[in-house]
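The structure under discussion appears below in the form of structure tokens.
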Amino acid sequence: MTAMTSIRALSAALGLGMAALLPHQAQAQGTLVWGTPAAADALDPHAMGGWIGRAVTRQIFEGLVEADLSDPDAKYVKLKPALAESWEVTEGGKVWTFKLRQGVMFHDGTPFNAEAVKYNVERFTKPDAQQYSEKAVAYMGNFTGWVEKFEIVDDTTVRFTLNRPNYEWVDGTIHSYGQFLMMSPASIEKYGNEDVALHPTGTGPFRFVEREQGVKIVLERNDDYWGEKAKLDQLVIAELSDGATRVNALLAGEINMMTIPPWEQIDDLKQESDLVLSTNDNVPSIWYMHINMKNEILKDIRVRQAMLYGFNRKEMAEKLMRGTATPAYGMLSKGTFAYDPTFEMYPYDPEKARALLAEAGYPDGFEVNMDAIIYGLGELSEQWFQRDMANIGIKVNMTKNEWIAYLGKWGAGMTDDVGVNEMAWGTSIPSWTSVVSRCDAFPPNGVNSGWYCNPKVDPLFDKAVSIEDKAEAAKVYQEANTLIMEDAGFIPMYNDSQPVFLNKSVKGFVNPAENWFDFSTVYIEE
Amino acid sequence: MIVHAILGRTARVAFVLFGVSVIVFGLLQFAPGDVATALLGPQASDSAKELLREQLGLNKPIVTQYFLWLGNTLQGDFGVSIISRNTVLGEVVPRFLNSVLLASAALVIAIILGVTVGIASAARAGGFFDRTSSASVQVFGAMPPFWLGLVLVYFFALQFRWFPATGMTKTFGGGDAWDIANHLVLPAVTAAAASAAVIVRMVRAVFLEVLGSDYILVARARGVRSWRLLMHHALPNCMPHVLNIIGLQLGYLIGGTLFTEVVFAWPGIGQLLYKAILGRDVAVVQACVLFIALSFVLINLAVDLINDFLARKMRQS
């Protein structure tokens, strides 16, 4: 290990030394070290759902379209061309045609073309293909649930035909459970469907160098990138799951960027002269809980409503999150065209909560199990919830789970003995809400972890995506959201403003209305 | 005679190791739910689970399963981590070596600090140094590593900026011996503190006892100077006791190292075990527990044998 590290260090030093000798070398722009609160998933872009893993893959890989993350003030992000130069939707939202960019190479030299797109599509649509991956199938709902036919029109044109109209489908290709990032076909051939995650090879502005599991992932600038090249020499993603350790590393200058700062330290960190806090109030991120509809006690809507009334979300956002979050009352994400900031249901009312519990036959309350995530924030919001529930007589027993393993457990759906589990999610497209709430999204076909189902809601989601006019579609989404919350189908907790602490030397960073970042514009200036 | 002693101790160790293997094997059996799901993760396909069931003989009697598992384990095949998809052995061995480095550094610090402070306290028992050191030993010995670690980081990494706060190497451009040594200081001191405190107390007590014995009083009466008295007369007689104490401390040291690794993000086996437990990465947990138990048992065997040897030498002289 030590020997290996020394060899790497030596070769890095040699590389730097040689770089200094070359007159036309691009100017060094430093290393960004991003301290993350949890591990990235295995780096297979088609078979992952975690935020950090996805934020990493989006530097290495690209899709046909990408999110434009350049405007920190945008209410929601718009798409921009990436590996497709342009695209169009025809036949009332059913047929999507993409004109591919020419002359792009994967990091291993494999050319990107229509055949490469086909190879990637077949990874989760063609069971007898060599690259077919059942894991990828479980994650690529945006394709497996929608795409009826894929065809190569000509060398630079591909076409997807959907089984029903969906004007948001292309937006879905940049999000989890549909993250359509292009992997080098040669890399999958070479390493196989599983091990390719150890050798991620895309077309993006950064290329993969190494991963030391549980410690760090190292990326370097792709000097052959087809577009505007990244400025940083290296991008290091350091895994520092302990909150105090992460803060110490930031204060000591060992990392120059930190996400998910421990809330109780935000005020202190803001006082540090060499640190900058960056937030964005339009980030599509909801921390919420699934409620298990199969749980004997929680089947009763009065019980679920009582839990919502008994949870003081407003005070939690103010006192606990120190202004880096707002209370969440619905299941539509901020940062989407459908979000309605005036929507509020179940304001804090413990008296009403107790009355509802008594009416449901639980005047003395009950015990319920909760699955929670270890995500670098301690367990403060969970304890807040526990305390509020105890206040109305509900004893919440919490089990904490490591993030990656949790994703699997959560994705498999709650077992009957669990009452609620939590998740932090939300995307910049409103149809995300349907991903966690549709009747046909029960595990293992989807991630409706709490088995919520209202047959009146699903047709609304179908209708919303078939409407081209965003204002009209927004109304339908809001209707669906109202129904879900009337059912007390979920417990929305808070909307996170994505606080990021940066060292002052980090320039060009944009905190967008999205759950990941574009690091290609970042540089270090001491 | 000595061969006999070694054989006896080794036989006991073999018995302990058998127990360890049964417990580690049992970890998998006690994991909630289906074994194949526990090993492959909830996202695994049915065909992959079926294949693994066949490989592990999960439909065979439990004794057969144990021997299959033992066979694989002895060949170094611990399976694959569900979190990283690396082989478990490839994951555990480098981490284990990192832990050995940290534990060894901690041991050296604990011994040097413990023995010198212990002797110095005993030499002037009741003096100013003795009283100060007794008080600090009380304080530092009682501090859990995850707290002491944070205190040390606050002063020596953040205020004085003498040492780095986290990790084993710099994230970029580090990795040479100097860099690692620099990263090693704070975690090693943290892991050493509790053991050093115990060693100080015990060494002091042993020395006081020896210093109170007749031959030392005689030597003192004959005018032998105090430092000569300590080094040439008292120290050799204390050595076996001191070694014994240090041997006993090794176990605590391993424990302290595991906690320390989490605080300092030191990429050792403790940090790996911590994450593997949280991640229900059963195969990694098994391998970590086995490695830790194995080193614990072997270190204790070595300490016992050295003690036997020293005791025999004492009797001979």
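Every chain in the structure tokens takes a letter, A first, then B, and so on in the order presented; its residues are numbered from 1, and the ligands are numbered from 1 following the presented order.
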Quick one: which chain B residues come within 9 Å of chain A, and what is the nearest atom pair for each with the distance in Å to one decimal, counting only C-alpha atoms, rows ordered by chain and ascending number, as a tab-separated table?
```
residue	atom	partner	partner_atom	distance
B:Gly41	CA	A:Gly408	CA	6.9
B:Pro42	CA	A:Gly408	CA	5.2
B:Gln43	CA	A:Gly408	CA	5.9
B:Ala44	CA	A:Lys135	CA	6.9
B:Ser45	CA	A:Glu134	CA	6.4
B:Ile82	CA	A:Ala405	CA	8.4
B:Ile83	CA	A:Ile404	CA	6.8
B:Ser84	CA	A:Ala42	CA	5.9
B:Arg85	CA	A:Ala42	CA	7.3
B:Asn86	CA	A:Asp195	CA	8.4
B:Glu91	CA	A:Gln213	CA	7.9
B:Val93	CA	A:Met1	CA	8.8
B:Pro94	CA	A:Met1	CA	5.5
B:Arg95	CA	A:Met1	CA	8.3
B:Leu97	CA	A:Met1	CA	7.7
B:Asn98	CA	A:Met1	CA	7.9
B:Leu150	CA	A:Ala244	CA	8.0
B:Val153	CA	A:Asn248	CA	7.5
B:Tyr154	CA	A:Asn248	CA	7.9
B:Ala157	CA	A:Ala252	CA	6.5
B:Leu158	CA	A:Ala252	CA	5.6
B:Gln159	CA	A:Ala252	CA	9.0
B:Arg161	CA	A:Ala252	CA	7.3
B:Pro164	CA	A:Ala252	CA	6.9
B:Ala165	CA	A:Ala249	CA	5.8
B:Thr166	CA	A:Ala249	CA	6.1
B:Gly167	CA	A:Val215	CA	8.2
B:Thr169	CA	A:Thr5	CA	8.7
B:Lys170	CA	A:Glu254	CA	7.5
B:Thr171	CA	A:Val236	CA	7.4
B:Phe172	CA	A:Thr31	CA	7.8
B:Gly173	CA	A:Ala9	CA	5.5
B:Gly174	CA	A:Ala9	CA	6.0
B:Gly175	CA	A:Ser6	CA	5.1
B:Asp176	CA	A:Ser6	CA	5.4
B:Ala177	CA	A:Ser6	CA	8.2
B:Ile180	CA	A:Thr2	CA	8.8
B:Val262	CA	A:Asp242	CA	7.6
B:Val263	CA	A:Thr245	CA	6.3
B:Phe264	CA	A:Thr245	CA	6.6
B:Ala265	CA	A:Leu240	CA	6.7
B:Trp266	CA	A:Val215	CA	8.7
B:Pro267	CA	A:Val215	CA	6.7
B:Gln271	CA	A:Gly214	CA	8.7
B:Leu272	CA	A:Gly214	CA	7.6
B:Lys275	CA	A:Glu402	CA	7.2
B:Ala276	CA	A:Glu402	CA	8.5
B:Ile277	CA	A:Glu402	CA	8.3
B:Leu278	CA	A:Glu402	CA	4.7
B:Gly279	CA	A:Glu402	CA	4.7
B:Arg280	CA	A:Ala405	CA	6.7
B:Asp281	CA	A:Ala405	CA	7.9
```
Q: Going by DSSP on the backbone, which bits of range 269-497 of chain A are helix (DSSP H, G or I)? Write them as a PyMOL selection string, please.
A: chain A and resi 269-271+301-309+313-320+350-359+380-391+403-411+432-437+439-441+457-465+470-486
Give me the residues near Ser278 in chain A as a PDB file with N, CA and C atoms, in the first residue's frame, where near means some atom within 8 Å (using only C-alpha atoms) and where sequence neighbours in that chain fewer than 6 positions away do not count.
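Written file, result12.pdb:
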```pdb
ATOM      1  N   GLN A 498     -28.737  23.239  -0.100  1.00  0.00           N
ATOM      2  CA  GLN A 498     -27.433  22.782  -0.583  1.00  0.00           C
ATOM      3  C   GLN A 498     -26.273  23.667  -0.117  1.00  0.00           C
ATOM      4  N   PRO A 499     -26.085  23.796   1.199  1.00  0.00           N
ATOM      5  CA  PRO A 499     -24.963  24.614   1.666  1.00  0.00           C
ATOM      6  C   PRO A 499     -23.617  23.984   1.295  1.00  0.00           C
ATOM      7  N   VAL A 500     -22.752  24.804   0.697  1.00  0.00           N
ATOM      8  CA  VAL A 500     -21.407  24.349   0.316  1.00  0.00           C
ATOM      9  C   VAL A 500     -20.418  25.335   0.908  1.00  0.00           C
ATOM     10  N   PHE A 501     -19.449  24.849   1.669  1.00  0.00           N
ATOM     11  CA  PHE A 501     -18.372  25.721   2.129  1.00  0.00           C
ATOM     12  C   PHE A 501     -17.175  25.579   1.209  1.00  0.00           C
ATOM     13  N   LEU A 502     -16.654  26.730   0.770  1.00  0.00           N
ATOM     14  CA  LEU A 502     -15.508  26.723  -0.131  1.00  0.00           C
ATOM     15  C   LEU A 502     -14.394  27.542   0.486  1.00  0.00           C
ATOM     16  N   ASN A 511     -23.176  27.289  -7.620  1.00  0.00           N
ATOM     17  CA  ASN A 511     -24.086  26.405  -6.885  1.00  0.00           C
ATOM     18  C   ASN A 511     -25.427  26.489  -7.599  1.00  0.00           C
TER      19      ASN A 511
END
```
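A straight line drawn from CA of Ser21 in chain B to CA of Leu290 in chain B is 7.3 Å long.
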Q: Show which residues sit within 8 Å of Ala82 in chain A, as an MDAnalysis selection string. Count only C-alpha atoms, and ignore same-chain residues fewer than 3 positions away.
A: chainID A and resid 62:66 85 101
Can I get the selection written as a compact mmCIF listing (two decimals), in the first residue's frame, with N, CA and C atoms?
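So the final result, stored in result.txt, reads:
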```txt
# COMPACT_ATOMS: atom_id res chain seq x y z
N GLU A 62 -20.85 11.76 -20.04
CA GLU A 62 -21.83 12.73 -20.52
C GLU A 62 -23.01 11.99 -21.14
N GLY A 63 -24.14 12.67 -21.15
CA GLY A 63 -25.31 12.13 -21.83
C GLY A 63 -25.49 12.81 -23.16
N LEU A 64 -26.58 12.47 -23.84
CA LEU A 64 -26.88 13.15 -25.10
C LEU A 64 -27.19 14.61 -24.80
N VAL A 65 -27.88 14.83 -23.69
CA VAL A 65 -28.15 16.21 -23.26
C VAL A 65 -27.61 16.35 -21.84
N GLU A 66 -27.34 17.58 -21.44
CA GLU A 66 -26.86 17.83 -20.09
C GLU A 66 -27.62 19.01 -19.49
N GLU A 85 -26.04 17.21 -30.64
CA GLU A 85 -25.95 18.64 -30.96
C GLU A 85 -27.33 19.29 -30.90
N ARG A 101 -23.27 14.49 -31.93
CA ARG A 101 -22.06 15.27 -32.16
C ARG A 101 -21.01 14.36 -32.80
```
Return as CSV the residues of range 286-325 of chain A lying at most 12 Å from range 446-449 of chain A, together with the closest atom-to-atom pair for each and the distance in Å to one decimal, counting only C-alpha atoms, with rows in chain order and ascending residue number.
```
residue,atom,partner,partner_atom,distance
A:Tyr288,CA,A:Ser449,CA,12.0
A:Met289,CA,A:Ser449,CA,9.6
A:His290,CA,A:Ser449,CA,6.5
A:Ile291,CA,A:Ser449,CA,8.3
A:Asn292,CA,A:Ser449,CA,7.6
A:Met293,CA,A:Ser449,CA,9.6
A:Lys294,CA,A:Ser449,CA,10.6
```
